[in-house]
Each structure stands twice: as C-alpha cells, then as structure tokens.
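So the structure is just underneath, and the comments pick up after that.
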Amino acid sequence: MKTINVQTGIPYNIHIEKGIIDKCGQYVRELTKAERVTIITDSNVAVHYKWRVLNSLEQEGFKVKSHIFQAGEESKNLNTISEMYNTLADFGMTRKDVIVALGGGVTGDMAGFAAASYLRGIDFIQIPTSLLAQVDSSVGGKTGVDIPQGKNLVGAFHQPRVVLIDPDTLQTLPDLYVRDGMAEVIKYGCIKDADFFAKLENENAIEHIEEIIETCVSIKRDVVSRDERESGERMLLNFGHTLGHSIEKLYNYTGISHGMAVAVGMVLIARAGEKEGITEKGTSDRIVNLCMKYGLPVTDDASFEDMANAARSDKKTAGKSINLVLLNKIGDSFTKKIPLENLLDFITTD
Ligand code: MG
C-alpha cells in the first residue's frame, strides 16, 4: 500500500491499494465515532461496488444506508442534493456519523457538499472509482454542485477524513473514462514534473497505473497543502482548463468530456505560449504527441473567437483580467494575468 499524507487544516491520508475498497469499514471505525454510515453513489457505480462497501461497513457493526442517484452530469444539481439531505435526515444521521462518497467526480463533489452542509458539516470519506477522480477531484477538498447559471457555482471547501483509492476499480471503467483521466495525468507532468512527462512518453502508463496515481496525487497534495484556498499556486492545476472549460461550455457539456476538452486546451495554450515567445519551442508538439498516444483529441473546430467569448463570460472570471497558466517548458509552469480584451489576441495562432 502507498500512503500519502495531506497536511491541510485537519490532516488526512490518501491510501492507494488494490482491493482496499473491501477494508473501508476498518478505516471508518479507526477514524470516527460514527454509528451510522450513508453510502452515496450513482446508478453505474452502485452495480459494481456498493455491495462491497456495504459489506465491509456492516462487518464493522455500522448501521448503513445507501443513497443512489441517477448517474450523469445532469444529476449534478440542487435537487439531487436535496434528496440526499432527505435520506440523511430520515436515516437519523447525527454530527458524529459519516458519509461515504463512492464514485467519480460528480459523486465526490456532491456527496462532499452534502457532508459539508448537512448539520453544518459532518465527516466524509472518499472512495474515488474513476481515474479522473483518483488523480484529481478526490484530493484537495473542493466540493460543489452546478446551478443553472454555471458549473460548481455553489460549494464548500471540506476535506475528507481519508481517501481510499483502489486501482482495480479502473478495470470496470469504459476505456473512454480512463482516457479522460489521462488528460489530468499529462497535466501534472506539464506543470510540475518533466521526468514524469518523459516517463509517460516512454512507457505505457496503464501498465504502471498505481505509480502514476501516486505521482499525480503527490503533486496535487504538494500544491494544495501550500495553497488550500486557491489564492496562488493552486491555480497551476488549471493548466489547459481555461480554454478547456470554454470548449466544454460551447458544447453545452455534452459531446466532449472534461479530459478531452482539457487535452485540447493544453495544446492550444502551449502553442499560444510558444507564439508569444514564453514557452520553449517544441513544447506543444510534445503535448500533442503525448495526448495522441493516450487517445486524446488535440484539436477542435471551435473558433478562437468563440473560445475567448466563452472564457470572458465565465462566472468565475474575476473582473477585467484573466489568469492564464503557461509553461516556460515541460515541468515548469507559472500564472500570467492578462487583460480580458487581450485574450483573443493571445490565444490566436495559425
Ligand atoms: Mg480538471
């Protein structure tokens, strides 16, 4: 087992081990005084793993209830959260009880938000089952839900008590979802670790997935511990995400996945950086080749105008400028604030 300790307000561990899902009850027992545990999961993940989590918790003597919502990004709304509150209250969950977030990013975000807000905050543990959630969203304590005006506009910072990553769960994922997570994996190499990037180029990541997850989680841990509330360094994790989000938005969050949009976003911003004389020449070609190796798109037919407009209308864009994450070279990143009116010029390349 590999263990990574996260030193946030309340420190916690991230354990990576095949089969760890069957021991989740022991972790809840060790870390909390809970009597009751509510498993929150979606209809896809429930079929594969709910019974294993349930079994482990019942073996430890917990009273367990599960709450299953319809899988899919469309479920990420306040109605689904409201239904979660009903289950928690009807089951008699108190402040010492625990929520288990079992699933991908949508589940982690929403179950985490329910935990952050129910009774002004109760404990939760994360069992992320998609590569994207394992290397990214389950670490860092961001929870949230979409509202009609935008994605993740409502949420809270709420750290889990423990994160249990079982790499075996990736075997039940459709190939598309593994690729989706690979975009974030490549991102970590781009922003922080040239050797890791080279390793992804030279080896087949899928064969060393446990190590890959460990490296990504360690990088994210380091960044998040230094900047828990996203005021500085944490912004680097948004590499490829400004234009990625624009593309997702242009497609109304259907037709392109988050990872795919981020892959295109990384290529475009690296190319813009090269054009501006900021990024080392050849960087974008290396990102293109690596994304293609892992089955990710590197181009899109959305126009630069549409992408810039979508970025400008982003609810999270503060004021008259936008923070772009740029690379000096692979493994070396920084943020640059540019006026919004210069964005189109900046990103346009031929
Ligand atoms: Mg992301």
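FYI, nothing fancy with the structure tokens labels: chains A, B, ... in order, residues from 1 per chain, ligands from 1 as they appear.
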Quick check for you: according to DSSP on this backbone, which residues of segment 42-119 of chain A are classed as alpha helix (DSSP H)? Reply as a PDB file with N, CA, C and O atoms, in the first residue's frame.
```pdb
ATOM      1  N   SER A  43     -25.959   5.349 -10.058  1.00  0.00           N
ATOM      2  CA  SER A  43     -26.545   4.099 -10.522  1.00  0.00           C
ATOM      3  C   SER A  43     -25.546   3.209 -11.276  1.00  0.00           C
ATOM      4  O   SER A  43     -25.698   1.993 -11.298  1.00  0.00           O
ATOM      5  N   ASN A  44     -24.496   3.789 -11.869  1.00  0.00           N
ATOM      6  CA  ASN A  44     -23.491   2.960 -12.553  1.00  0.00           C
ATOM      7  C   ASN A  44     -22.561   2.274 -11.564  1.00  0.00           C
ATOM      8  O   ASN A  44     -22.281   1.087 -11.670  1.00  0.00           O
ATOM      9  N   VAL A  45     -22.056   3.073 -10.640  1.00  0.00           N
ATOM     10  CA  VAL A  45     -21.048   2.566  -9.704  1.00  0.00           C
ATOM     11  C   VAL A  45     -21.684   1.594  -8.694  1.00  0.00           C
ATOM     12  O   VAL A  45     -21.068   0.609  -8.286  1.00  0.00           O
ATOM     13  N   TRP A  51     -22.225  -3.047  -2.930  1.00  0.00           N
ATOM     14  CA  TRP A  51     -22.346  -4.178  -2.008  1.00  0.00           C
ATOM     15  C   TRP A  51     -21.036  -4.462  -1.278  1.00  0.00           C
ATOM     16  O   TRP A  51     -21.037  -4.907  -0.132  1.00  0.00           O
ATOM     17  N   ARG A  52     -19.900  -4.184  -1.922  1.00  0.00           N
ATOM     18  CA  ARG A  52     -18.610  -4.448  -1.247  1.00  0.00           C
ATOM     19  C   ARG A  52     -18.381  -3.448  -0.112  1.00  0.00           C
ATOM     20  O   ARG A  52     -17.899  -3.805   0.956  1.00  0.00           O
ATOM     21  N   VAL A  53     -18.737  -2.209  -0.373  1.00  0.00           N
ATOM     22  CA  VAL A  53     -18.604  -1.174   0.652  1.00  0.00           C
ATOM     23  C   VAL A  53     -19.573  -1.459   1.807  1.00  0.00           C
ATOM     24  O   VAL A  53     -19.204  -1.428   2.985  1.00  0.00           O
ATOM     25  N   LEU A  54     -20.803  -1.781   1.429  1.00  0.00           N
ATOM     26  CA  LEU A  54     -21.837  -2.105   2.412  1.00  0.00           C
ATOM     27  C   LEU A  54     -21.393  -3.259   3.303  1.00  0.00           C
ATOM     28  O   LEU A  54     -21.485  -3.216   4.532  1.00  0.00           O
ATOM     29  N   ASN A  55     -20.877  -4.299   2.673  1.00  0.00           N
ATOM     30  CA  ASN A  55     -20.435  -5.485   3.385  1.00  0.00           C
ATOM     31  C   ASN A  55     -19.335  -5.151   4.396  1.00  0.00           C
ATOM     32  O   ASN A  55     -19.387  -5.568   5.554  1.00  0.00           O
ATOM     33  N   SER A  56     -18.351  -4.385   3.941  1.00  0.00           N
ATOM     34  CA  SER A  56     -17.230  -4.032   4.811  1.00  0.00           C
ATOM     35  C   SER A  56     -17.710  -3.200   6.005  1.00  0.00           C
ATOM     36  O   SER A  56     -17.264  -3.403   7.139  1.00  0.00           O
ATOM     37  N   LEU A  57     -18.635  -2.277   5.752  1.00  0.00           N
ATOM     38  CA  LEU A  57     -19.147  -1.426   6.833  1.00  0.00           C
ATOM     39  C   LEU A  57     -19.980  -2.238   7.819  1.00  0.00           C
ATOM     40  O   LEU A  57     -19.852  -2.078   9.032  1.00  0.00           O
ATOM     41  N   GLU A  58     -20.814  -3.141   7.299  1.00  0.00           N
ATOM     42  CA  GLU A  58     -21.663  -3.945   8.193  1.00  0.00           C
ATOM     43  C   GLU A  58     -20.820  -4.899   9.038  1.00  0.00           C
ATOM     44  O   GLU A  58     -21.132  -5.156  10.198  1.00  0.00           O
ATOM     45  N   GLN A  59     -19.747  -5.394   8.465  1.00  0.00           N
ATOM     46  CA  GLN A  59     -18.844  -6.262   9.235  1.00  0.00           C
ATOM     47  C   GLN A  59     -18.256  -5.545  10.445  1.00  0.00           C
ATOM     48  O   GLN A  59     -17.926  -6.169  11.437  1.00  0.00           O
ATOM     49  N   LEU A  78     -29.090  20.928  -7.400  1.00  0.00           N
ATOM     50  CA  LEU A  78     -29.536  21.054  -6.011  1.00  0.00           C
ATOM     51  C   LEU A  78     -30.697  20.119  -5.665  1.00  0.00           C
ATOM     52  O   LEU A  78     -30.889  19.777  -4.504  1.00  0.00           O
ATOM     53  N   ASN A  79     -31.445  19.657  -6.691  1.00  0.00           N
ATOM     54  CA  ASN A  79     -32.495  18.667  -6.397  1.00  0.00           C
ATOM     55  C   ASN A  79     -31.888  17.378  -5.877  1.00  0.00           C
ATOM     56  O   ASN A  79     -32.395  16.771  -4.932  1.00  0.00           O
ATOM     57  N   THR A  80     -30.805  16.965  -6.539  1.00  0.00           N
ATOM     58  CA  THR A  80     -30.140  15.727  -6.109  1.00  0.00           C
ATOM     59  C   THR A  80     -29.594  15.889  -4.690  1.00  0.00           C
ATOM     60  O   THR A  80     -29.697  14.974  -3.865  1.00  0.00           O
ATOM     61  N   ILE A  81     -29.043  17.071  -4.406  1.00  0.00           N
ATOM     62  CA  ILE A  81     -28.524  17.334  -3.055  1.00  0.00           C
ATOM     63  C   ILE A  81     -29.662  17.283  -2.035  1.00  0.00           C
ATOM     64  O   ILE A  81     -29.539  16.692  -0.959  1.00  0.00           O
ATOM     65  N   SER A  82     -30.785  17.885  -2.405  1.00  0.00           N
ATOM     66  CA  SER A  82     -31.939  17.921  -1.525  1.00  0.00           C
ATOM     67  C   SER A  82     -32.423  16.502  -1.198  1.00  0.00           C
ATOM     68  O   SER A  82     -32.761  16.185  -0.042  1.00  0.00           O
ATOM     69  N   GLU A  83     -32.407  15.640  -2.201  1.00  0.00           N
ATOM     70  CA  GLU A  83     -32.781  14.233  -1.958  1.00  0.00           C
ATOM     71  C   GLU A  83     -31.783  13.559  -1.018  1.00  0.00           C
ATOM     72  O   GLU A  83     -32.149  12.718  -0.198  1.00  0.00           O
ATOM     73  N   MET A  84     -30.513  13.932  -1.159  1.00  0.00           N
ATOM     74  CA  MET A  84     -29.502  13.375  -0.235  1.00  0.00           C
ATOM     75  C   MET A  84     -29.806  13.797   1.202  1.00  0.00           C
ATOM     76  O   MET A  84     -29.752  12.986   2.124  1.00  0.00           O
ATOM     77  N   TYR A  85     -30.145  15.101   1.388  1.00  0.00           N
ATOM     78  CA  TYR A  85     -30.479  15.579   2.734  1.00  0.00           C
ATOM     79  C   TYR A  85     -31.646  14.779   3.310  1.00  0.00           C
ATOM     80  O   TYR A  85     -31.654  14.428   4.492  1.00  0.00           O
ATOM     81  N   ASN A  86     -32.650  14.492   2.469  1.00  0.00           N
ATOM     82  CA  ASN A  86     -33.805  13.716   2.951  1.00  0.00           C
ATOM     83  C   ASN A  86     -33.371  12.363   3.485  1.00  0.00           C
ATOM     84  O   ASN A  86     -33.791  11.940   4.553  1.00  0.00           O
ATOM     85  N   THR A  87     -32.522  11.693   2.697  1.00  0.00           N
ATOM     86  CA  THR A  87     -32.045  10.372   3.134  1.00  0.00           C
ATOM     87  C   THR A  87     -31.282  10.485   4.448  1.00  0.00           C
ATOM     88  O   THR A  87     -31.504   9.697   5.378  1.00  0.00           O
ATOM     89  N   LEU A  88     -30.388  11.485   4.535  1.00  0.00           N
ATOM     90  CA  LEU A  88     -29.556  11.634   5.734  1.00  0.00           C
ATOM     91  C   LEU A  88     -30.425  11.889   6.966  1.00  0.00           C
ATOM     92  O   LEU A  88     -30.231  11.281   8.018  1.00  0.00           O
ATOM     93  N   ALA A  89     -31.408  12.782   6.807  1.00  0.00           N
ATOM     94  CA  ALA A  89     -32.266  13.134   7.948  1.00  0.00           C
ATOM     95  C   ALA A  89     -33.177  11.966   8.322  1.00  0.00           C
ATOM     96  O   ALA A  89     -33.315  11.625   9.499  1.00  0.00           O
ATOM     97  N   ASP A  90     -33.797  11.329   7.324  1.00  0.00           N
ATOM     98  CA  ASP A  90     -34.696  10.206   7.606  1.00  0.00           C
ATOM     99  C   ASP A  90     -33.961   9.043   8.275  1.00  0.00           C
ATOM    100  O   ASP A  90     -34.523   8.310   9.082  1.00  0.00           O
ATOM    101  N   GLY A 105     -16.106  11.896 -10.147  1.00  0.00           N
ATOM    102  CA  GLY A 105     -16.034  13.284  -9.723  1.00  0.00           C
ATOM    103  C   GLY A 105     -17.368  13.879  -9.314  1.00  0.00           C
ATOM    104  O   GLY A 105     -17.456  14.597  -8.309  1.00  0.00           O
ATOM    105  N   VAL A 106     -18.416  13.566 -10.056  1.00  0.00           N
ATOM    106  CA  VAL A 106     -19.743  14.130  -9.747  1.00  0.00           C
ATOM    107  C   VAL A 106     -20.185  13.665  -8.361  1.00  0.00           C
ATOM    108  O   VAL A 106     -20.660  14.456  -7.534  1.00  0.00           O
ATOM    109  N   THR A 107     -19.997  12.385  -8.092  1.00  0.00           N
ATOM    110  CA  THR A 107     -20.387  11.831  -6.795  1.00  0.00           C
ATOM    111  C   THR A 107     -19.564  12.450  -5.666  1.00  0.00           C
ATOM    112  O   THR A 107     -20.117  12.860  -4.637  1.00  0.00           O
ATOM    113  N   GLY A 108     -18.258  12.540  -5.860  1.00  0.00           N
ATOM    114  CA  GLY A 108     -17.394  13.108  -4.826  1.00  0.00           C
ATOM    115  C   GLY A 108     -17.751  14.551  -4.528  1.00  0.00           C
ATOM    116  O   GLY A 108     -17.835  14.967  -3.369  1.00  0.00           O
ATOM    117  N   ASP A 109     -17.984  15.318  -5.583  1.00  0.00           N
ATOM    118  CA  ASP A 109     -18.329  16.734  -5.416  1.00  0.00           C
ATOM    119  C   ASP A 109     -19.638  16.902  -4.642  1.00  0.00           C
ATOM    120  O   ASP A 109     -19.740  17.738  -3.746  1.00  0.00           O
ATOM    121  N   MET A 110     -20.637  16.102  -5.041  1.00  0.00           N
ATOM    122  CA  MET A 110     -21.959  16.291  -4.421  1.00  0.00           C
ATOM    123  C   MET A 110     -22.054  15.665  -3.037  1.00  0.00           C
ATOM    124  O   MET A 110     -22.613  16.277  -2.118  1.00  0.00           O
ATOM    125  N   ALA A 111     -21.530  14.451  -2.876  1.00  0.00           N
ATOM    126  CA  ALA A 111     -21.561  13.820  -1.550  1.00  0.00           C
ATOM    127  C   ALA A 111     -20.720  14.663  -0.588  1.00  0.00           C
ATOM    128  O   ALA A 111     -21.079  14.821   0.584  1.00  0.00           O
ATOM    129  N   GLY A 112     -19.631  15.219  -1.083  1.00  0.00           N
ATOM    130  CA  GLY A 112     -18.778  16.083  -0.264  1.00  0.00           C
ATOM    131  C   GLY A 112     -19.520  17.346   0.140  1.00  0.00           C
ATOM    132  O   GLY A 112     -19.422  17.799   1.286  1.00  0.00           O
ATOM    133  N   PHE A 113     -20.286  17.893  -0.792  1.00  0.00           N
ATOM    134  CA  PHE A 113     -21.051  19.097  -0.464  1.00  0.00           C
ATOM    135  C   PHE A 113     -22.167  18.785   0.541  1.00  0.00           C
ATOM    136  O   PHE A 113     -22.414  19.562   1.475  1.00  0.00           O
ATOM    137  N   ALA A 114     -22.822  17.635   0.356  1.00  0.00           N
ATOM    138  CA  ALA A 114     -23.846  17.225   1.335  1.00  0.00           C
ATOM    139  C   ALA A 114     -23.194  17.095   2.716  1.00  0.00           C
ATOM    140  O   ALA A 114     -23.749  17.557   3.722  1.00  0.00           O
ATOM    141  N   ALA A 115     -22.000  16.502   2.763  1.00  0.00           N
ATOM    142  CA  ALA A 115     -21.293  16.343   4.049  1.00  0.00           C
ATOM    143  C   ALA A 115     -20.873  17.697   4.624  1.00  0.00           C
ATOM    144  O   ALA A 115     -20.913  17.910   5.829  1.00  0.00           O
ATOM    145  N   ALA A 116     -20.492  18.608   3.759  1.00  0.00           N
ATOM    146  CA  ALA A 116     -20.046  19.930   4.220  1.00  0.00           C
ATOM    147  C   ALA A 116     -21.192  20.747   4.799  1.00  0.00           C
ATOM    148  O   ALA A 116     -20.983  21.603   5.659  1.00  0.00           O
ATOM    149  N   SER A 117     -22.414  20.491   4.335  1.00  0.00           N
ATOM    150  CA  SER A 117     -23.522  21.363   4.693  1.00  0.00           C
ATOM    151  C   SER A 117     -24.536  20.720   5.639  1.00  0.00           C
ATOM    152  O   SER A 117     -25.164  21.415   6.442  1.00  0.00           O
TER     153      SER A 117
END
```
Output the neighbourhood of ligand 1 as a count of residues only, that is, all protein and nucleic acid residues with some atom at most 8 Å from the ligand, counting only C-alpha atoms and all ligand atoms.
10
Contact residues around Asn204 of chain A with only C-alpha atoms at 12 Å, ignoring same-chain residues under 6 positions, as a PyMOL selection string:
chain A and resi 182+197-198+211-212+290+293-294
Please list as a PyMOL selection string every residue within 12 Å of Glu341 of chain A, counting only C-alpha atoms and excluding residues in the same chain fewer than 5 positions away.
chain A and resi 305+308-309+311-312+319-322+346-347
Within 10 Å of Ile256 of chain A using only C-alpha atoms, minus same-chain residues under 5 positions, as a ChimeraX atom specification
/A:244,247-251,261-262,297
I need the residues from that last selection saved to file as a compact mmCIF listing (two decimals), in the first residue's frame (with all heavy atoms), if you can.
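This went into out_10.txt:
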```txt
# COMPACT_ATOMS: atom_id res chain seq x y z
N GLY A 244 -10.14 24.76 -22.10
CA GLY A 244 -10.88 23.50 -21.94
C GLY A 244 -12.32 23.76 -21.49
O GLY A 244 -13.27 23.26 -22.09
N ILE A 247 -14.39 25.24 -24.25
CA ILE A 247 -14.84 24.25 -25.23
C ILE A 247 -16.00 23.44 -24.66
O ILE A 247 -17.03 23.24 -25.32
CB ILE A 247 -13.67 23.34 -25.66
CG1 ILE A 247 -12.63 24.17 -26.41
CG2 ILE A 247 -14.16 22.18 -26.52
CD1 ILE A 247 -11.30 23.47 -26.63
N GLU A 248 -15.86 23.02 -23.41
CA GLU A 248 -16.96 22.26 -22.78
C GLU A 248 -18.25 23.07 -22.82
O GLU A 248 -19.33 22.57 -23.09
CB GLU A 248 -16.63 21.96 -21.31
CG GLU A 248 -15.66 20.84 -21.09
CD GLU A 248 -15.49 20.57 -19.61
OE1 GLU A 248 -14.66 21.23 -18.96
OE2 GLU A 248 -16.20 19.69 -19.09
N LYS A 249 -18.12 24.36 -22.51
CA LYS A 249 -19.28 25.24 -22.48
C LYS A 249 -19.89 25.39 -23.87
O LYS A 249 -21.11 25.36 -24.02
CB LYS A 249 -18.82 26.60 -21.97
CG LYS A 249 -19.90 27.45 -21.38
CD LYS A 249 -19.33 28.82 -21.11
CE LYS A 249 -19.37 29.18 -19.66
NZ LYS A 249 -18.76 30.49 -19.41
N LEU A 250 -19.04 25.54 -24.89
CA LEU A 250 -19.55 25.70 -26.26
C LEU A 250 -20.35 24.48 -26.70
O LEU A 250 -21.22 24.56 -27.55
CB LEU A 250 -18.39 25.95 -27.24
CG LEU A 250 -17.69 27.30 -27.08
CD1 LEU A 250 -16.43 27.36 -27.94
CD2 LEU A 250 -18.63 28.44 -27.43
N TYR A 251 -20.01 23.31 -26.11
CA TYR A 251 -20.75 22.10 -26.44
C TYR A 251 -21.82 21.81 -25.41
O TYR A 251 -22.34 20.69 -25.35
CB TYR A 251 -19.79 20.92 -26.55
CG TYR A 251 -18.92 20.98 -27.77
CD1 TYR A 251 -17.65 21.52 -27.72
CD2 TYR A 251 -19.39 20.50 -29.00
CE1 TYR A 251 -16.86 21.60 -28.85
CE2 TYR A 251 -18.60 20.57 -30.13
CZ TYR A 251 -17.33 21.13 -30.04
OH TYR A 251 -16.57 21.20 -31.16
N ALA A 261 -11.57 17.94 -23.45
CA ALA A 261 -11.51 19.39 -23.61
C ALA A 261 -10.22 19.95 -23.00
O ALA A 261 -9.59 20.85 -23.57
CB ALA A 261 -12.74 20.04 -22.96
N VAL A 262 -9.80 19.40 -21.88
CA VAL A 262 -8.56 19.86 -21.25
C VAL A 262 -7.35 19.52 -22.14
O VAL A 262 -6.42 20.33 -22.26
CB VAL A 262 -8.40 19.23 -19.83
CG1 VAL A 262 -6.99 19.42 -19.29
CG2 VAL A 262 -9.42 19.84 -18.88
N PRO A 297 -8.00 13.93 -27.90
CA PRO A 297 -8.01 14.86 -29.02
C PRO A 297 -7.02 16.01 -28.79
O PRO A 297 -6.71 16.36 -27.66
CB PRO A 297 -9.44 15.40 -29.02
CG PRO A 297 -9.89 15.26 -27.62
CD PRO A 297 -9.21 14.04 -27.07
```
With segment 69-75 of chain A as the partner and 12 Å as the cut-off, tabulate the residues of segment 128-184 of chain A that qualify, each row holding the nearest pair of atoms and their distance in Å to one decimal, using only C-alpha atoms, sorted by chain and rising number, as a Markdown table.
```
| residue | atom | partner | partner_atom | distance |
| --- | --- | --- | --- | --- |
| A:Val145 | CA | A:Ser75 | CA | 9.4 |
| A:Asp146 | CA | A:Ser75 | CA | 9.2 |
| A:Ile147 | CA | A:Glu74 | CA | 10.7 |
| A:Pro148 | CA | A:Glu74 | CA | 10.9 |
| A:Lys151 | CA | A:Glu73 | CA | 10.1 |
| A:Asn152 | CA | A:Glu73 | CA | 11.5 |
```
Using only C-alpha atoms, which protein or nucleic acid residues come within 7 Å of Lys329 of chain A? Drop anything in the same chain fewer than 3 positions from it, and give the result as a ChimeraX atom specification.
/A:279-280,283,332
Write out as a list of chain:residue names each polymer residue whose atoms come within 8 Å of segment 185-190 of chain A, counting only C-alpha atoms; drop sequence neighbours fewer than 3 positions from it.
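The residues that qualify are A:Val135, A:Gly181, A:Met182, A:Asp193, A:Ala194, A:Asp195, A:Phe196, A:Phe197, A:Leu200, A:Ile212, A:Cys216, A:Ile219, A:Leu237, A:Phe239, A:Gly240, A:Met266, A:Leu290, A:Cys291, A:Leu327, A:Lys329, A:Ile330, A:Gly331, A:Asp332, A:Ser333.
Closest to Lys142 of chain A among A:Leu173, A:Met307, A:Val154, A:Ile127 is A:Val154, based on only C-alpha atoms.
Of the residues listed (A:Lys199, A:His245, A:His158, A:Lys192), A:His158 shows the shortest atom-to-atom separation from Gly144 of chain A; distances use only C-alpha atoms.
Put simply, atom CA of Val264 of chain A is 19.0 Å away from atom CA of Ile278 of chain A.
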Can you check which residues of segment 10-221 of chain A DSSP gives as strand (DSSP E) on the backbone and send them as number ranges by chain?
A: 12-16, 36-42, 63-69, 98-103, 123-128, 142-147, 150-157, 162-165
